[in-house]
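These notes concern the structure reproduced below.
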Amino acid sequence: MFGQKHSESTRKKLSEARKTIKVEVTDVLKKETVIFTSIQKAVDALNLPKHQVITNFLTRNQKRPYKGQYIFKKVDNSD
């Protein structure tokens, strides 16, 4: 794309894709719920191997807790 510019609609799509996703994490063992401002912050705080753990949980609409402990839920960003 050297020397070319993205269209306005493409720039808008790229901007939307970069926005972070807020995640609500419920620890069923401790009965605590915490909202993280991004998936990566949740991964770091919970010492998970990689962000795909949460991404896959959300896209597959899983109901069973991850490793029997964590339930992830996407939080609406309309704040």
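Residues in the structure tokens are named by chain (A, B, ... in the order shown) and by number from 1 within that chain; ligands are numbered from 1 in the order shown.
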
If you run DSSP on the backbone here, which positions in chain A get helix (DSSP H, G or I)? Please write them as a list of chain:residue names.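 Taking chain A and keeping helix (DSSP H, G or I) gives A:Glu8, A:Ser9, A:Thr10, A:Arg11, A:Lys12, A:Lys13, A:Leu14, A:Ser15, A:Glu16, A:Ala17, A:Arg18, A:Ile39, A:Gln40, A:Lys41, A:Ala42, A:Val43, A:Asp44, A:Ala45, A:Leu46, A:Gln52, A:Val53, A:Ile54, A:Thr55, A:Asn56, A:Phe57, A:Leu58, A:Thr59.
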
Kindly save the residues from that selection, with C-alpha atoms included, as a PDB file, in the first residue's frame.
ATOM      1  CA  GLU A   8     -12.717   6.885   5.116  1.00  0.00           C
ATOM      2  CA  SER A   9     -14.815   3.742   5.665  1.00  0.00           C
ATOM      3  CA  THR A  10     -11.707   1.559   5.908  1.00  0.00           C
ATOM      4  CA  ARG A  11     -10.125   3.942   8.413  1.00  0.00           C
ATOM      5  CA  LYS A  12     -13.290   3.798  10.511  1.00  0.00           C
ATOM      6  CA  LYS A  13     -13.243  -0.020  10.473  1.00  0.00           C
ATOM      7  CA  LEU A  14      -9.572  -0.083  11.479  1.00  0.00           C
ATOM      8  CA  SER A  15     -10.273   2.336  14.319  1.00  0.00           C
ATOM      9  CA  GLU A  16     -13.129   0.177  15.625  1.00  0.00           C
ATOM     10  CA  ALA A  17     -10.948  -2.926  15.502  1.00  0.00           C
ATOM     11  CA  ARG A  18      -8.304  -1.295  17.707  1.00  0.00           C
ATOM     12  CA  ILE A  39      -8.534  -8.640  27.758  1.00  0.00           C
ATOM     13  CA  GLN A  40      -4.767  -8.327  28.098  1.00  0.00           C
ATOM     14  CA  LYS A  41      -5.075  -6.787  31.575  1.00  0.00           C
ATOM     15  CA  ALA A  42      -7.311  -9.683  32.627  1.00  0.00           C
ATOM     16  CA  VAL A  43      -4.804 -12.195  31.235  1.00  0.00           C
ATOM     17  CA  ASP A  44      -1.961 -10.541  33.147  1.00  0.00           C
ATOM     18  CA  ALA A  45      -3.900 -10.327  36.424  1.00  0.00           C
ATOM     19  CA  LEU A  46      -5.084 -13.947  36.273  1.00  0.00           C
ATOM     20  CA  GLN A  52      -6.923 -16.486  23.214  1.00  0.00           C
ATOM     21  CA  VAL A  53      -8.211 -18.194  26.356  1.00  0.00           C
ATOM     22  CA  ILE A  54     -10.629 -15.334  26.977  1.00  0.00           C
ATOM     23  CA  THR A  55     -11.283 -14.586  23.296  1.00  0.00           C
ATOM     24  CA  ASN A  56     -12.229 -18.208  22.596  1.00  0.00           C
ATOM     25  CA  PHE A  57     -14.426 -18.343  25.707  1.00  0.00           C
ATOM     26  CA  LEU A  58     -16.338 -15.272  24.527  1.00  0.00           C
ATOM     27  CA  THR A  59     -16.699 -16.276  20.866  1.00  0.00           C
TER      28      THR A  59
END

Judged by only C-alpha atoms, the minimum distance to A:Glu24 among A:Lys63, A:His51, A:Lys5, A:Lys74 is found for A:Lys74

> What is the atom CA of A:Tyr66-atom CA of A:Lys30 distance in Å, reported with one decimal?
Replying inline: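 Pair atom CA of A:Tyr66 / atom CA of A:Lys30 returns 14.1 Å.
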
Please provide the set of residues having any atom within 9 Å of A:Lys22, restricted to only C-alpha atoms, with same-chain residues fewer than 6 positions apart removed, written as a ChimeraX atom specification. /A:35-39,73-77

Output N, CA and C atoms for every residue in that selection, as a tab-separated table (two decimals), in the first residue's frame.
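Below is the file selection.tsv, written as the result:
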chain	number	residue	atom	x	y	z
A	35	ILE	N	-14.12	-6.22	36.89
A	35	ILE	CA	-14.17	-5.76	35.50
A	35	ILE	C	-12.80	-5.22	35.13
A	36	PHE	N	-12.25	-5.76	34.05
A	36	PHE	CA	-10.95	-5.33	33.53
A	36	PHE	C	-11.19	-4.47	32.29
A	37	THR	N	-10.33	-3.47	32.09
A	37	THR	CA	-10.50	-2.56	30.96
A	37	THR	C	-10.06	-3.15	29.63
A	38	SER	N	-9.37	-4.28	29.66
A	38	SER	CA	-8.97	-4.95	28.42
A	38	SER	C	-8.76	-6.44	28.69
A	39	ILE	N	-8.78	-7.20	27.63
A	39	ILE	CA	-8.53	-8.64	27.76
A	39	ILE	C	-7.11	-8.88	28.23
A	73	LYS	N	-17.15	-12.53	30.68
A	73	LYS	CA	-18.30	-11.91	30.04
A	73	LYS	C	-17.87	-10.56	29.47
A	74	LYS	N	-18.27	-10.32	28.23
A	74	LYS	CA	-17.94	-9.05	27.58
A	74	LYS	C	-18.83	-7.96	28.16
A	75	VAL	N	-18.22	-6.80	28.46
A	75	VAL	CA	-18.95	-5.68	29.03
A	75	VAL	C	-19.20	-4.65	27.93
A	76	ASP	N	-20.39	-4.11	27.90
A	76	ASP	CA	-20.75	-3.10	26.90
A	76	ASP	C	-19.90	-1.86	27.08
A	77	ASN	N	-19.31	-1.34	26.00
A	77	ASN	CA	-18.42	-0.18	26.04
A	77	ASN	C	-19.15	1.14	25.84

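Note that the spacing between atom CA of A:Glu32 and atom CA of A:Gly68 amounts to 14.2 Å.
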
| task | Based on DSSP run over this structure's backbone, return all residues of chain A in strand (DSSP E), as a list in words. | result |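 Matching residues for strand (DSSP E) in chain A are Lys22, Val23, Glu24, Val25, Thr26, Asp27, Glu32, Thr33, Val34, Ile35, Phe36, Tyr70, Ile71, Phe72, Lys73, Lys74 and Val75 of chain A.
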
| field | Residue contacts of A:Thr33 (10 Å, only C-alpha atoms) excluding same-chain residues fewer than 3 positions away, as a ChimeraX atom specification | value | /A:24-28,30,36,70-72

Using the selection just defined, write its residues with N, CA and C atoms as a short mmCIF file (atom, residue, chain, number, x, y, z; two decimals), in the first residue's frame.
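Okay, this is what ended up in part_26.cif:
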data_model
loop_
_atom_site.label_atom_id
_atom_site.label_comp_id
_atom_site.auth_asym_id
_atom_site.auth_seq_id
_atom_site.Cartn_x
_atom_site.Cartn_y
_atom_site.Cartn_z
N GLU A 24 -15.67 -8.73 32.08
CA GLU A 24 -16.06 -9.01 33.46
C GLU A 24 -15.64 -10.44 33.77
N VAL A 25 -14.86 -10.60 34.83
CA VAL A 25 -14.37 -11.92 35.21
C VAL A 25 -14.98 -12.30 36.55
N THR A 26 -15.66 -13.44 36.57
CA THR A 26 -16.24 -13.94 37.80
C THR A 26 -15.45 -15.15 38.25
N ASP A 27 -14.93 -15.08 39.46
CA ASP A 27 -14.22 -16.21 40.06
C ASP A 27 -15.24 -16.98 40.89
N VAL A 28 -15.65 -18.15 40.39
CA VAL A 28 -16.71 -18.90 41.06
C VAL A 28 -16.24 -19.52 42.38
N LYS A 30 -14.00 -18.03 44.58
CA LYS A 30 -13.95 -16.95 45.56
C LYS A 30 -15.23 -16.12 45.61
N PHE A 36 -12.25 -5.76 34.05
CA PHE A 36 -10.95 -5.33 33.53
C PHE A 36 -11.19 -4.47 32.29
N TYR A 70 -13.07 -19.63 36.36
CA TYR A 70 -13.36 -18.30 35.82
C TYR A 70 -14.46 -18.33 34.77
N ILE A 71 -15.36 -17.35 34.87
CA ILE A 71 -16.37 -17.12 33.84
C ILE A 71 -16.10 -15.73 33.29
N PHE A 72 -16.00 -15.62 31.97
CA PHE A 72 -15.71 -14.35 31.31
C PHE A 72 -16.96 -13.83 30.61
#

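Here atom CA of A:Thr20 and atom CA of A:Gln4 stand 27.3 Å from one another.
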